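Reading through the C-alpha cells given below for one structure.
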Amino acid sequence: MGDTYRSEDISEQEVRTELDRLLQSAPFLQSDRLARFLRFAIENALAGNTDVLKEYVIGTEVYDRKPPYHPSQDSIVRTEARRLRAKLKDYYESEGKQNPVFIYFRPGTYVPLFRRNESLAGVALQAPSPQSDLLVKGDGVGVGVLSFVDLSNRPLSALCAQGVTEELIHNLTRTDGIRVIARPSPPQLIEVPQDIPALSLRFGLSTVIEGTVREDYNRLRITARVLGSDGFQMSSHRFETEASAESLVQVQEQIATAFASRARPEQSSVRRRRAAPSALTLAAYPLILHAETLLDEGSALNLPASLQKFQQARELAPAYARPYCGISHCNMELALRGTSPASTLVSVAREAALRAIELDPEMIESYSCLGSAQALEWDWENAEKSFLHGQALGSHVGAARRFAVFLAILGRDDEASYHLDAAQRIDPFSNRQKVARARFLHITRRFEEGLRPLSEPFIYGPLPVEARFLLALMSAHLGNKEQAKQLIESIRPASGGQLPMLAGIAEVLALSGETEEAHKIVRDFKLLSLDSPISRFRQALLSLALDDGQSALSLLALALEDREPELIWIGVDTRLDPIRKEIGFEEIARKVFPGPEN
C-alpha cells in the first residue's frame, strides 16, 4: 500500500480491539460524529481502501454533505479532523496511556496510522503471567505528595488547598503499604511537571499525587490526580462540596480519607510491605482506577464501560486479583438492575470472586465479592462466613458497605448501621455510599431522616440518581406528593430512557396520586408486558403501586421461578407491605429465606 496502515507485527484484530476501546471511551461516547469519522477511516484502512480517505468522500459519507459540496468552501472535515487528532492525543496521554496499540493521524492526511506501545513491549504481549510478575522486591508503594494549588486565590480555597494537602499526607502515611515523600506546605516539592521523573527516580516513587482547588459561588471543587513516575496522569478524582468556613476542616479530612481509600494498594503483599508493585501492576492500575470510578458513579449507563475496563486490566495482568473483583461487582450490579439472565450474571460474579481469592488469598475485597454473590444466590450462611473472613483481614470501605447491606437484608439493623457508619466515615463522597445509606433508611422506614439532606447543604456533593429515587419513594410514603414529584422530575433527564428507571418513575408517580401519567408510561413502554426486559420483581413493585396486589403476587412467583437476585429485598422492602401478610407472599419469602426469619 502507498500508505502503510500498520506495522507488520500489529494484527487486524489488535487494531479492531483498540478501535473498540476508543469507541467505548468518554471522548467518543460523547461525540457520535467523531466516532463515525474514526470508524470510517479505520475500516477503510484495514480493507486497503486508503484511496477513499479523501476530504470529499468523508464529507459525503460521514457528514452527510449533499451535492453541490465544495470542501474548499465547507471546512467541516478539516475542522473535525483537528478535533479527532486532539481527542486521540488527550486520550493516549491519559486513560489510554497503557493501551498496547496507538491509533493516530498525521496532520494533512485522513489515513490512520498504528503503532505498538513500546513502553509495554514484553509486558502486554506476554502469555498469562504468574503472580510473581506482579511484584518486585520492595516494601510497599512510594508516593510523593505535591501541595494542592489554589486556582481561585480566595481565602476559603487557599485554606482548603493547604488543608487537603496536609490531611492527605497524614492519611496516606497511615495507609497500609504506602511510603510517603512530601512537603506539606508551600513551596511545592517540585516546580514543574517535567521534574517528576527525576523526583521519582531519586526517591523511588511509583506514583505522585497532585491536585487543585477551585471556588465558585460558595462551592469548592477539589481535583486530586494520580501521576505515574513518568509524569503522565493515571487517574483523577473530583470532590465537590458546598463547604463553608465552619465545615471546611471536616470536608478536608473526609476528602483525604476518601482519596486514600480509593487509591490505596490492595495486593496483600504490597499492603503488608512484603513487596512492591511491578511495571505490569502499574500498567493495569490506571484501567482499574478508571473502572472503579465509573462503577462508583452508580449509573446503569456506566456499567458496561466499567466492566470493559476491568476486563482490559484482566487481559493485561491475568494474575492480578483486583480486576476480578471489579468484574464481580459489575456483574452483580447488572443483575440487581434486572439485566437478563440475572442468574448467569451472578454465577459469573461468584466465579470471578473465587478466582480473585485463588490469586490473592489475603485480599480483603475479594471475600466481600464472594459474600455478595452468595447472598444473591440466597446462600445466607456461607455469605456471612465470607464477609466475616474478609473483615478479619482488615478494613475496606467497599467491604464494610456491602456487609452492611447484607445485614440490613436480614433485618439486623443495628449491626448494619455500625458497618454503614464505618464506611461513611471513610468515604461519604462515594455515590455507592449515598445509595446504600438512602436504601438503608428506606427499608428501615426512617423516612424523615432520609429526607433530611434535602434541607441541608450538600457538603459531600450532589446525590446520584438512584439515591434521589429512594428519596422520592420516602417522600411519597410520607404523603409529601409535591416533593416526590419534584424529585422524580429531577431524575427523568438523567434516566437515559432505561426501562427499570422508567418503571421506578411510574411507580413513584402512582404512589403520589398521578395514576393517569403512571399508566401512560406503563402503556407507552410496555413496562408490565411479560416480554419486557424488566425483572419480574420490579414489575411486581409497579403493579402494587398501581393497586394491583394480585398481579404483584403472580409476578413475584415468576421471579421466584427465575431465582431473580432482586428477591433478596423481599423481607424488608416497605413497598411490599400491602401484601406481606398474604399466604402466597409468605410462601415465596420462606423459599428465599428458609431460616427462622420467616
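Please note that chains go A, B, ... in the order of the C-alpha cells, that every chain numbers its residues from 1, and that ligands are numbered from 1 in the order shown.
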Would you mind writing down, as a ChimeraX atom specification, each residue of segment 134-262 of chain A that DSSP on the backbone assigns to helix (DSSP H, G or I)?
/A:134,155-173,193-203,248-262
Using only C-alpha atoms, which protein or nucleic acid residues come within 7 Å of Gly138 of chain A? Drop anything in the same chain fewer than 5 positions from it, and give the result as a PDB file with all heavy atoms, in the first residue's frame.
```pdb
ATOM      1  N   ARG A 274       5.549  -6.386  52.038  1.00  0.00           N
ATOM      2  CA  ARG A 274       6.442  -7.506  51.766  1.00  0.00           C
ATOM      3  C   ARG A 274       6.994  -7.435  50.344  1.00  0.00           C
ATOM      4  O   ARG A 274       7.882  -8.210  49.990  1.00  0.00           O
ATOM      5  CB  ARG A 274       5.705  -8.835  51.960  1.00  0.00           C
ATOM      6  CG  ARG A 274       5.208  -9.066  53.385  1.00  0.00           C
ATOM      7  CD  ARG A 274       4.848 -10.524  53.584  1.00  0.00           C
ATOM      8  NE  ARG A 274       3.718 -10.927  52.762  1.00  0.00           N
ATOM      9  CZ  ARG A 274       2.515 -11.235  53.235  1.00  0.00           C
ATOM     10  NH1 ARG A 274       2.291 -11.173  54.548  1.00  0.00           N
ATOM     11  NH2 ARG A 274       1.543 -11.612  52.428  1.00  0.00           N
ATOM     12  N   ALA A 275       6.437  -6.531  49.522  1.00  0.00           N
ATOM     13  CA  ALA A 275       6.866  -6.392  48.126  1.00  0.00           C
ATOM     14  C   ALA A 275       6.393  -5.041  47.611  1.00  0.00           C
ATOM     15  O   ALA A 275       5.683  -4.294  48.310  1.00  0.00           O
ATOM     16  CB  ALA A 275       6.296  -7.527  47.272  1.00  0.00           C
ATOM     17  N   ALA A 276       6.778  -4.736  46.371  1.00  0.00           N
ATOM     18  CA  ALA A 276       6.334  -3.512  45.703  1.00  0.00           C
ATOM     19  C   ALA A 276       5.666  -3.908  44.386  1.00  0.00           C
ATOM     20  O   ALA A 276       5.926  -4.980  43.842  1.00  0.00           O
ATOM     21  CB  ALA A 276       7.520  -2.588  45.444  1.00  0.00           C
TER      22      ALA A 276
END
```
Please run DSSP on the backbone and report, as a compact mmCIF listing (two decimals) with N, CA, C and O atoms, in the first residue's frame, all residues within segment 183-326 of chain A that come out as strand (DSSP E).
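And here is the file that came out, out.txt:
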```
# COMPACT_ATOMS: atom_id res chain seq x y z
N THR A 207 4.25 6.55 42.30
CA THR A 207 3.21 7.50 41.92
C THR A 207 3.42 8.82 42.63
O THR A 207 4.08 8.89 43.68
N VAL A 208 2.83 9.86 42.05
CA VAL A 208 2.86 11.21 42.64
C VAL A 208 1.43 11.74 42.66
O VAL A 208 0.69 11.57 41.70
N ILE A 209 1.06 12.36 43.76
CA ILE A 209 -0.28 12.95 43.92
C ILE A 209 -0.18 14.46 43.80
O ILE A 209 0.63 15.09 44.48
N GLU A 210 -1.01 15.05 42.94
CA GLU A 210 -1.11 16.50 42.85
C GLU A 210 -2.59 16.86 42.75
O GLU A 210 -3.44 15.99 42.53
N GLY A 211 -2.91 18.13 42.93
CA GLY A 211 -4.31 18.50 42.85
C GLY A 211 -4.53 19.99 42.80
O GLY A 211 -3.59 20.79 42.94
N THR A 212 -5.79 20.36 42.59
CA THR A 212 -6.18 21.76 42.52
C THR A 212 -7.46 21.97 43.31
O THR A 212 -8.23 21.04 43.54
N VAL A 213 -7.68 23.22 43.71
CA VAL A 213 -8.91 23.62 44.39
C VAL A 213 -9.45 24.86 43.67
O VAL A 213 -8.72 25.80 43.40
N ARG A 214 -10.74 24.80 43.34
CA ARG A 214 -11.39 25.93 42.67
C ARG A 214 -12.65 26.30 43.45
O ARG A 214 -13.44 25.43 43.83
N GLU A 215 -12.84 27.59 43.69
CA GLU A 215 -14.03 28.06 44.41
C GLU A 215 -14.93 28.82 43.44
O GLU A 215 -14.47 29.67 42.67
N ASP A 216 -16.22 28.50 43.49
CA ASP A 216 -17.17 29.15 42.59
C ASP A 216 -18.52 29.21 43.27
O ASP A 216 -19.14 28.17 43.53
N ARG A 219 -19.10 27.19 46.32
CA ARG A 219 -18.88 25.75 46.13
C ARG A 219 -17.40 25.54 45.87
O ARG A 219 -16.75 26.33 45.19
N LEU A 220 -16.89 24.46 46.41
CA LEU A 220 -15.49 24.11 46.21
C LEU A 220 -15.42 22.85 45.36
O LEU A 220 -16.17 21.89 45.59
N ARG A 221 -14.54 22.88 44.39
CA ARG A 221 -14.28 21.71 43.56
C ARG A 221 -12.82 21.33 43.74
O ARG A 221 -11.92 22.06 43.34
N ILE A 222 -12.60 20.17 44.32
CA ILE A 222 -11.25 19.69 44.60
C ILE A 222 -10.96 18.52 43.67
O ILE A 222 -11.71 17.54 43.64
N THR A 223 -9.89 18.62 42.92
CA THR A 223 -9.49 17.56 41.99
C THR A 223 -8.15 17.00 42.43
O THR A 223 -7.18 17.76 42.58
N ALA A 224 -8.09 15.71 42.68
CA ALA A 224 -6.85 15.03 43.06
C ALA A 224 -6.45 14.09 41.94
O ALA A 224 -7.28 13.29 41.48
N ARG A 225 -5.20 14.17 41.50
CA ARG A 225 -4.74 13.35 40.38
C ARG A 225 -3.59 12.45 40.81
O ARG A 225 -2.73 12.86 41.60
N VAL A 226 -3.60 11.24 40.28
CA VAL A 226 -2.51 10.29 40.48
C VAL A 226 -1.67 10.27 39.22
O VAL A 226 -2.18 9.98 38.13
N LEU A 227 -0.39 10.60 39.36
CA LEU A 227 0.54 10.59 38.23
C LEU A 227 1.48 9.41 38.37
O LEU A 227 1.88 9.04 39.48
N GLY A 228 1.87 8.85 37.23
CA GLY A 228 2.88 7.81 37.25
C GLY A 228 4.26 8.41 37.46
O GLY A 228 4.45 9.63 37.45
N GLN A 233 -0.63 11.25 33.70
CA GLN A 233 -1.76 11.05 34.62
C GLN A 233 -2.28 9.63 34.54
O GLN A 233 -2.52 9.09 33.47
N MET A 234 -2.49 9.03 35.72
CA MET A 234 -3.02 7.68 35.81
C MET A 234 -4.51 7.68 36.15
O MET A 234 -5.26 6.83 35.69
N SER A 235 -4.93 8.61 37.00
CA SER A 235 -6.35 8.70 37.34
C SER A 235 -6.62 10.07 37.93
O SER A 235 -5.71 10.79 38.34
N SER A 236 -7.91 10.42 37.98
CA SER A 236 -8.33 11.71 38.52
C SER A 236 -9.58 11.50 39.36
O SER A 236 -10.47 10.73 38.98
N HIS A 237 -9.64 12.18 40.50
CA HIS A 237 -10.77 12.06 41.41
C HIS A 237 -11.26 13.46 41.76
O HIS A 237 -10.46 14.31 42.18
N ARG A 238 -12.56 13.70 41.61
CA ARG A 238 -13.11 15.03 41.86
C ARG A 238 -14.08 14.97 43.05
O ARG A 238 -14.89 14.06 43.16
N PHE A 239 -13.96 15.97 43.91
CA PHE A 239 -14.83 16.09 45.07
C PHE A 239 -15.47 17.48 45.05
O PHE A 239 -14.75 18.49 44.92
N GLU A 240 -16.78 17.54 45.17
CA GLU A 240 -17.49 18.82 45.18
C GLU A 240 -18.20 18.98 46.52
O GLU A 240 -18.74 18.02 47.07
N THR A 241 -18.21 20.21 47.03
CA THR A 241 -18.82 20.46 48.32
C THR A 241 -19.36 21.88 48.40
O THR A 241 -18.83 22.79 47.77
N ALA A 276 6.78 -4.74 46.37
CA ALA A 276 6.33 -3.51 45.70
C ALA A 276 5.67 -3.91 44.39
O ALA A 276 5.93 -4.98 43.84
N PRO A 277 4.79 -3.05 43.85
CA PRO A 277 4.14 -3.38 42.57
C PRO A 277 5.13 -3.34 41.42
O PRO A 277 6.01 -2.47 41.37
```
Within 6 Å of segment 256-273 of chain A, counting only C-alpha atoms, which residues qualify if same-chain residues fewer than 2 places away don't, as an MDAnalysis selection string?
chainID A and resid 139:140 167:168 172 176:177 253:254 275:276 362:363 426:427
Using Å and a single decimal, report how far atom CA of Leu376 of chain A sits from atom CA of Pro565 of chain A.
4.9 Å
Using 12 Å as the limit and counting only C-alpha atoms, can you tabulate each residue of segment 531-584 of chain A that touches segment 390-407 of chain A, with its shortest atom-to-atom distance in Å and the two atoms involved, as a Markdown table?
```
| residue | atom | partner | partner_atom | distance |
| --- | --- | --- | --- | --- |
| A:Ile568 | CA | A:Phe406 | CA | 9.1 |
| A:Trp569 | CA | A:Phe406 | CA | 10.0 |
| A:Gly571 | CA | A:Leu407 | CA | 11.9 |
| A:Val572 | CA | A:Leu407 | CA | 11.1 |
```
Between atom CA of Leu509 of chain A and atom CA of Ser551 of chain A, what is the distance, to one decimal in Å?
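Distance between the two atoms: 18.8 Å.
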Please determine, counting only C-alpha atoms, which residue among A:Ala26, A:Ala408, A:Val143, A:Ala416 has the shortest atom-to-atom distance to His290 of chain A.
A:Ala26
Neighbours of Asn99 of chain A within 9 Å (only C-alpha atoms; same-chain residues fewer than 2 positions away dropped), as a PDB file with C-alpha atoms, in the first residue's frame?
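For reference, around-v4.pdb as written:
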```pdb
ATOM      1  CA  GLU A  18      -8.135  -0.821  20.038  1.00  0.00           C
ATOM      2  CA  ARG A  21     -11.611   0.640  23.321  1.00  0.00           C
ATOM      3  CA  TYR A  92      -3.383   8.476  24.846  1.00  0.00           C
ATOM      4  CA  GLU A  95      -6.631   6.747  30.222  1.00  0.00           C
ATOM      5  CA  GLY A  96      -5.261   5.167  27.039  1.00  0.00           C
ATOM      6  CA  LYS A  97      -1.649   5.598  28.009  1.00  0.00           C
ATOM      7  CA  VAL A 101      -1.695  -0.168  20.303  1.00  0.00           C
ATOM      8  CA  PHE A 102      -1.912   3.547  19.474  1.00  0.00           C
ATOM      9  CA  ARG A 116       2.657  -0.522  19.140  1.00  0.00           C
ATOM     10  CA  ASN A 117       3.101   0.965  22.625  1.00  0.00           C
ATOM     11  CA  LEU A 120       4.572  -2.213  27.092  1.00  0.00           C
ATOM     12  CA  ALA A 124       1.264  -6.662  27.336  1.00  0.00           C
ATOM     13  CA  ALA A 283       0.292  -0.708  33.800  1.00  0.00           C
TER      14      ALA A 283
END
```
What's around segment 315-327 of chain A at 10 Å? Count only C-alpha atoms, leave out sequence neighbours fewer than 6 positions away in its own chain, and write the answer as a PyMOL selection string.
chain A and resi 98-100+120+123-134+265-267+280-285+287-289+291-292+295+306-309+333+348-361+363+365-370
By how many Å are atom CA of Ala158 of chain A and atom CA of His170 of chain A apart?
18.7 Å
With only C-alpha atoms as the counted atoms, please give the residues lying no more than 12 Å from Ser247 of chain A, apart from itself and same-chain residues fewer than 2 positions off, as number ranges by chain.
A: 156, 159-160, 220, 241-245, 249-254, 457-460
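Considering the residues A:Ala510, A:Glu80, A:Arg115, A:Ser299 and counting only C-alpha atoms, Glu14 of chain A has its shortest atom-to-atom contact with A:Arg115.
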Of A:Ser529, A:Ala494, A:Gly298, A:Ala81, the one nearest to Ala436 of chain A when counting only C-alpha atoms is A:Gly298
Residue nearest Pro304 of chain A among A:Cys330, A:Leu34, A:Leu420, A:Ala557 (counting only C-alpha atoms):
A:Cys330
